[in-house]
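Visitor: The file below is protein_39.tsv, TSV, C-alpha atoms:
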chain	number	residue	atom	x	y	z
A	2	MET	CA	-37.39	22.55	-16.56
A	3	GLY	CA	-41.04	21.96	-17.02
A	4	LEU	CA	-43.52	19.20	-17.64
A	5	MET	CA	-42.47	16.28	-19.88
A	6	SER	CA	-38.76	17.03	-19.31
A	7	ALA	CA	-37.80	14.01	-17.19
A	8	ARG	CA	-36.26	12.10	-20.12
A	9	LYS	CA	-34.01	15.02	-21.04
A	10	MET	CA	-32.93	15.53	-17.41
A	11	MET	CA	-32.08	11.85	-17.01
A	12	LYS	CA	-30.14	11.87	-20.27
A	13	SER	CA	-28.09	14.94	-19.36
A	14	SER	CA	-27.30	13.73	-15.83
A	15	ARG	CA	-26.12	10.39	-17.28
A	16	LYS	CA	-23.94	12.28	-19.76
A	17	PHE	CA	-22.38	14.77	-17.33
A	18	LYS	CA	-21.60	12.12	-14.70
A	19	TRP	CA	-18.58	11.18	-16.81
A	20	ARG	CA	-17.04	14.61	-16.23
A	21	GLN	CA	-16.71	13.82	-12.51
A	22	ARG	CA	-13.27	12.38	-11.80
A	23	VAL	CA	-14.37	10.10	-8.93
A	24	TYR	CA	-17.27	8.60	-10.91
A	25	LYS	CA	-15.14	8.03	-14.00
A	26	SER	CA	-12.30	6.31	-12.16
A	27	ARG	CA	-14.78	4.12	-10.27
A	28	MET	CA	-16.63	3.05	-13.40
A	29	LEU	CA	-13.46	2.32	-15.39
A	30	LYS	CA	-12.01	0.46	-12.35
A	31	LEU	CA	-8.77	2.47	-12.59
A	32	ARG	CA	-7.86	1.93	-8.94
A	33	VAL	CA	-7.98	-1.87	-9.24
A	34	LYS	CA	-5.96	-1.80	-12.48
A	35	ALA	CA	-3.20	0.34	-10.95
A	36	ASP	CA	-3.10	-1.62	-7.67
A	37	PRO	CA	-0.01	-3.85	-7.24
A	38	LEU	CA	-1.92	-6.11	-4.79
A	39	GLU	CA	-4.68	-6.55	-7.43
A	40	GLY	CA	-7.51	-5.91	-4.99
A	41	SER	CA	-6.36	-8.22	-2.19
A	42	SER	CA	-5.62	-6.92	1.30
A	43	GLN	CA	-2.24	-8.62	1.75
A	44	ALA	CA	0.45	-10.09	-0.49
A	45	LYS	CA	3.59	-12.19	-0.15
A	46	GLY	CA	6.92	-11.03	-1.50
A	47	ILE	CA	10.69	-11.35	-1.38
A	48	VAL	CA	12.87	-8.57	0.10
A	49	ILE	CA	15.21	-7.18	-2.58
A	50	SER	CA	16.92	-4.44	-0.56
A	51	LYS	CA	16.63	-2.27	2.56
A	52	PHE	CA	16.78	1.53	2.47
A	53	GLN	CA	15.96	4.62	4.51
A	54	LYS	CA	13.50	7.32	3.52
A	55	GLU	CA	13.69	10.83	4.94
A	56	ALA	CA	10.48	12.00	6.64
A	57	ARG	CA	8.59	15.03	5.38
A	58	GLN	CA	8.67	18.41	7.11
A	59	PRO	CA	8.41	19.27	10.01
A	60	ASN	CA	9.79	15.84	11.09
A	61	SER	CA	13.43	14.93	10.57
A	62	ALA	CA	13.69	11.16	10.93
A	63	MET	CA	15.01	8.39	8.71
A	64	ARG	CA	12.16	5.90	8.20
A	65	LYS	CA	13.30	2.31	7.66
A	66	CYS	CA	11.87	0.74	4.50
A	67	CYS	CA	12.52	-2.19	2.19
A	68	LYS	CA	11.92	-2.95	-1.46
A	69	VAL	CA	9.71	-6.02	-1.88
A	70	GLN	CA	9.11	-7.95	-5.10
A	71	LEU	CA	5.65	-9.50	-5.06
A	72	ILE	CA	5.41	-13.20	-5.88
A	73	LYS	CA	2.00	-13.03	-7.57
A	74	ASN	CA	2.93	-10.56	-10.34
A	75	GLY	CA	6.61	-9.60	-9.96
A	76	ILE	CA	5.93	-5.91	-9.22
A	77	ALA	CA	8.47	-4.29	-6.85
A	78	VAL	CA	7.00	-1.97	-4.20
A	79	GLY	CA	8.38	-0.06	-1.22
A	80	ALA	CA	7.23	-1.18	2.22
A	81	PHE	CA	7.65	0.51	5.61
A	82	ILE	CA	9.17	-1.50	8.47
A	83	PRO	CA	7.25	-0.55	11.66
A	84	GLY	CA	8.79	-0.91	15.11
A	85	ASN	CA	11.87	0.08	17.07
A	86	LEU	CA	14.97	-1.60	15.50
A	87	ALA	CA	12.66	-3.94	13.56
A	88	GLN	CA	14.81	-3.65	10.42
A	89	LYS	CA	17.36	-5.96	12.10
A	90	PHE	CA	14.94	-8.87	11.79
A	91	ILE	CA	14.53	-8.43	8.02
A	92	ASP	CA	17.32	-9.59	5.71
A	93	GLU	CA	17.58	-9.71	1.94
A	94	HIS	CA	15.81	-12.67	0.30
A	95	ASP	CA	13.47	-13.07	3.28
A	96	GLU	CA	9.84	-13.86	2.56
A	97	VAL	CA	7.56	-11.12	3.92
A	98	ILE	CA	3.84	-10.39	3.92
A	99	ILE	CA	2.84	-6.77	3.27
A	100	GLU	CA	-0.43	-4.88	3.65
A	101	ARG	CA	-1.67	-1.38	2.92
A	102	ILE	CA	-0.76	1.29	5.47
A	103	GLY	CA	-4.15	2.94	5.00
A	104	GLY	CA	-3.49	6.53	4.01
A	105	ARG	CA	-6.09	8.85	2.51
A	106	MET	CA	-7.59	7.59	-0.77
A	107	GLY	CA	-4.94	4.86	-1.03
A	108	ARG	CA	-2.05	7.32	-0.96
A	109	SER	CA	0.98	7.24	1.33
A	110	LYS	CA	0.33	7.85	5.01
A	111	GLY	CA	1.89	10.32	7.40
A	112	ASP	CA	5.35	11.68	6.76
A	113	ILE	CA	6.71	8.83	4.60
A	114	PRO	CA	6.61	9.98	0.96
A	115	GLY	CA	5.79	7.36	-1.66
A	116	ILE	CA	5.45	4.38	0.68
A	117	ARG	CA	1.98	2.79	0.66
A	118	PHE	CA	2.61	-0.61	2.26
A	119	GLN	CA	4.00	-1.99	5.52
A	120	VAL	CA	5.58	-5.31	6.53
A	121	ILE	CA	3.55	-7.44	8.95
A	122	LYS	CA	5.24	-10.88	8.80
A	123	VAL	CA	8.77	-12.15	8.18
A	124	ASN	CA	9.22	-15.82	7.26
A	125	ASP	CA	5.67	-16.56	8.54
A	126	GLN	CA	6.33	-14.95	11.94
A	127	PRO	CA	4.72	-11.67	13.07
A	128	LEU	CA	7.18	-8.77	12.94
A	129	HIS	CA	5.62	-7.16	16.02
A	130	ARG	CA	6.34	-10.23	18.15
A	131	LEU	CA	9.90	-10.44	16.81
A	132	TRP	CA	10.94	-6.93	17.82
A	133	THR	CA	9.18	-7.07	21.18
A	134	GLY	CA	11.27	-10.19	21.94
A	135	LYS	CA	8.42	-12.66	22.38
A	136	ILE	CA	9.70	-15.05	19.69
A	137	GLU	CA	12.93	-15.64	17.76
A	138	LYS	CA	13.31	-15.44	14.00
A	139	GLY	CA	12.74	-18.76	12.27
A	140	ARG	CA	15.46	-20.36	10.19
A	141	ARG	CA	14.70	-20.91	6.53
Represent the supplied structure as structure tokens.
Guide:
Amino acid sequence: MGLMSARKMMKSSRKFKWRQRVYKSRMLKLRVKADPLEGSSQAKGIVISKFQKEARQPNSAMRKCCKVQLIKNGIAVGAFIPGNLAQKFIDEHDEVIIERIGGRMGRSKGDIPGIRFQVIKVNDQPLHRLWTGKIEKGRR
């Protein structure tokens, strides 16, 4: 490029930015539109069912998960239940609070395929304190 070409360079860089996948998805806010939590960090939901998910290679464990229907928009998502024997403290129709696990670029983390959220509270009591035995599960 030479003298007097700044306008053309600005115009072409503005045009070709839209070919970049990251720029395009950020500008069109595709991540927020596809997000079941709608941009918030945590959400409340009702447990529909409990299931086990097989871990990816090279691990061979059955990860305990549950299907949660969010109260705010009715979307059902899978949530991981962290902790040793913690699935015993979660029953169907319990009210839970879920948050993102925090995998790369919003995807699933570690060896659990397709699970992007984890349970942190059951009936307004922290799940971690329940399975360590510090408190008992509240009656609802």
Visitor: Calculated over only C-alpha atoms, which of the candidates A:Leu29, A:Ile91, A:Cys66, A:Val97 has the smallest distance to Arg117 of chain A?
Guide: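 Going through A:Leu29, A:Ile91, A:Cys66, A:Val97 one by one, the smallest distance to Arg117 of chain A is for A:Cys66.
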Visitor: In Å, with one decimal, what is the gap from atom CA of Arg32 of chain A to atom CA of Lys110 of chain A?
Guide: 17.2 Å
Visitor: Counting only C-alpha atoms, figure out which residue out of A:Gly75, A:Pro59, A:Gly3, A:Pro37 gets nearest to Gly107 of chain A.
Guide: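 Once distances to Gly107 of chain A are computed over only C-alpha atoms, the minimum belongs to A:Pro37.
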Visitor: Quote the spacing between atom CA of Gly111 of chain A and atom CA of Ser26 of chain A in Å to one decimal place.
Guide: 24.5 Å
Visitor: Give me, please, the distance in Å between atom CA of Lys73 of chain A and atom CA of Arg108 of chain A, quoted to one decimal.
Guide: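 Between atom CA of Lys73 of chain A and atom CA of Arg108 of chain A the gap works out to 21.8 Å.
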Visitor: From the list A:Arg27, A:Lys16, A:Val120, A:Ala87, which residue is nearest Gln43 of chain A when using all atoms listed in the file?
Guide: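 Counting all atoms listed in the file, the residue closest to Gln43 of chain A is A:Val120.
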Visitor: Which one is closest to Val123 of chain A: A:Glu39, A:Glu100, A:Asp95, A:Glu137? Count only C-alpha atoms.
Guide: A:Asp95
Visitor: Mind checking which residues fall within 9 Å of segment 45-49 of chain A, counting all atoms listed in the file, ignoring those fewer than 3 positions away in the same chain, and posting them as a CSV table (one decimal) with C-alpha atoms, in the coordinates of the input?
Guide:
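For reference, selection17.csv as written:
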chain,number,residue,atom,x,y,z
A,67,CYS,CA,12.5,-2.2,2.2
A,68,LYS,CA,11.9,-3.0,-1.5
A,69,VAL,CA,9.7,-6.0,-1.9
A,70,GLN,CA,9.1,-8.0,-5.1
A,71,LEU,CA,5.6,-9.5,-5.1
A,72,ILE,CA,5.4,-13.2,-5.9
A,73,LYS,CA,2.0,-13.0,-7.6
A,75,GLY,CA,6.6,-9.6,-10.0
A,77,ALA,CA,8.5,-4.3,-6.8
A,91,ILE,CA,14.5,-8.4,8.0
A,92,ASP,CA,17.3,-9.6,5.7
A,93,GLU,CA,17.6,-9.7,1.9
A,94,HIS,CA,15.8,-12.7,0.3
A,95,ASP,CA,13.5,-13.1,3.3
A,96,GLU,CA,9.8,-13.9,2.6
A,97,VAL,CA,7.6,-11.1,3.9
A,98,ILE,CA,3.8,-10.4,3.9
A,99,ILE,CA,2.8,-6.8,3.3
Visitor: Between A:Ile136, A:Ala56, A:Met2, A:Leu86, which one has atoms that come closest to Asp112 of chain A, using all atoms listed in the file?
Guide: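 Checking each of A:Ile136, A:Ala56, A:Met2, A:Leu86 against Asp112 of chain A, counting all atoms listed in the file, the winner is A:Ala56.
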Visitor: So which one's closest to Gln88 of chain A, A:Asn74, A:Trp132, A:Arg105, A:Lys54? Using all atoms listed in the file, please.
Guide: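 Result for the nearest residue to Gln88 of chain A: A:Trp132.
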Visitor: Let me know the centre plus edge lengths, in Å and rounded to one decimal, of a box with edges along x, y and z that contains all listed atoms of segment 102-108 of chain A and is padded by 4 Å on every side, as lines of an AutoDock Vina configuration file.
Guide:
center_x = -4.2
center_y = 5.1
center_z = 2.2
size_x = 14.8
size_y = 15.6
size_z = 14.5
Visitor: Gln58 of chain A: which residues within 12 Å, counting all atoms listed in the file, same-chain residues fewer than 3 positions away excluded, as a compact mmCIF listing (two decimals) with C-alpha atoms, keeping the file's coordinate frame?
Guide:
# COMPACT_ATOMS: atom_id res chain seq x y z
CA GLU A 55 13.69 10.83 4.94
CA SER A 61 13.43 14.93 10.57
CA ALA A 62 13.69 11.16 10.93
CA MET A 63 15.01 8.39 8.71
CA GLY A 111 1.89 10.32 7.40
CA ASP A 112 5.35 11.68 6.76
CA ILE A 113 6.71 8.83 4.60
CA PRO A 114 6.61 9.98 0.96
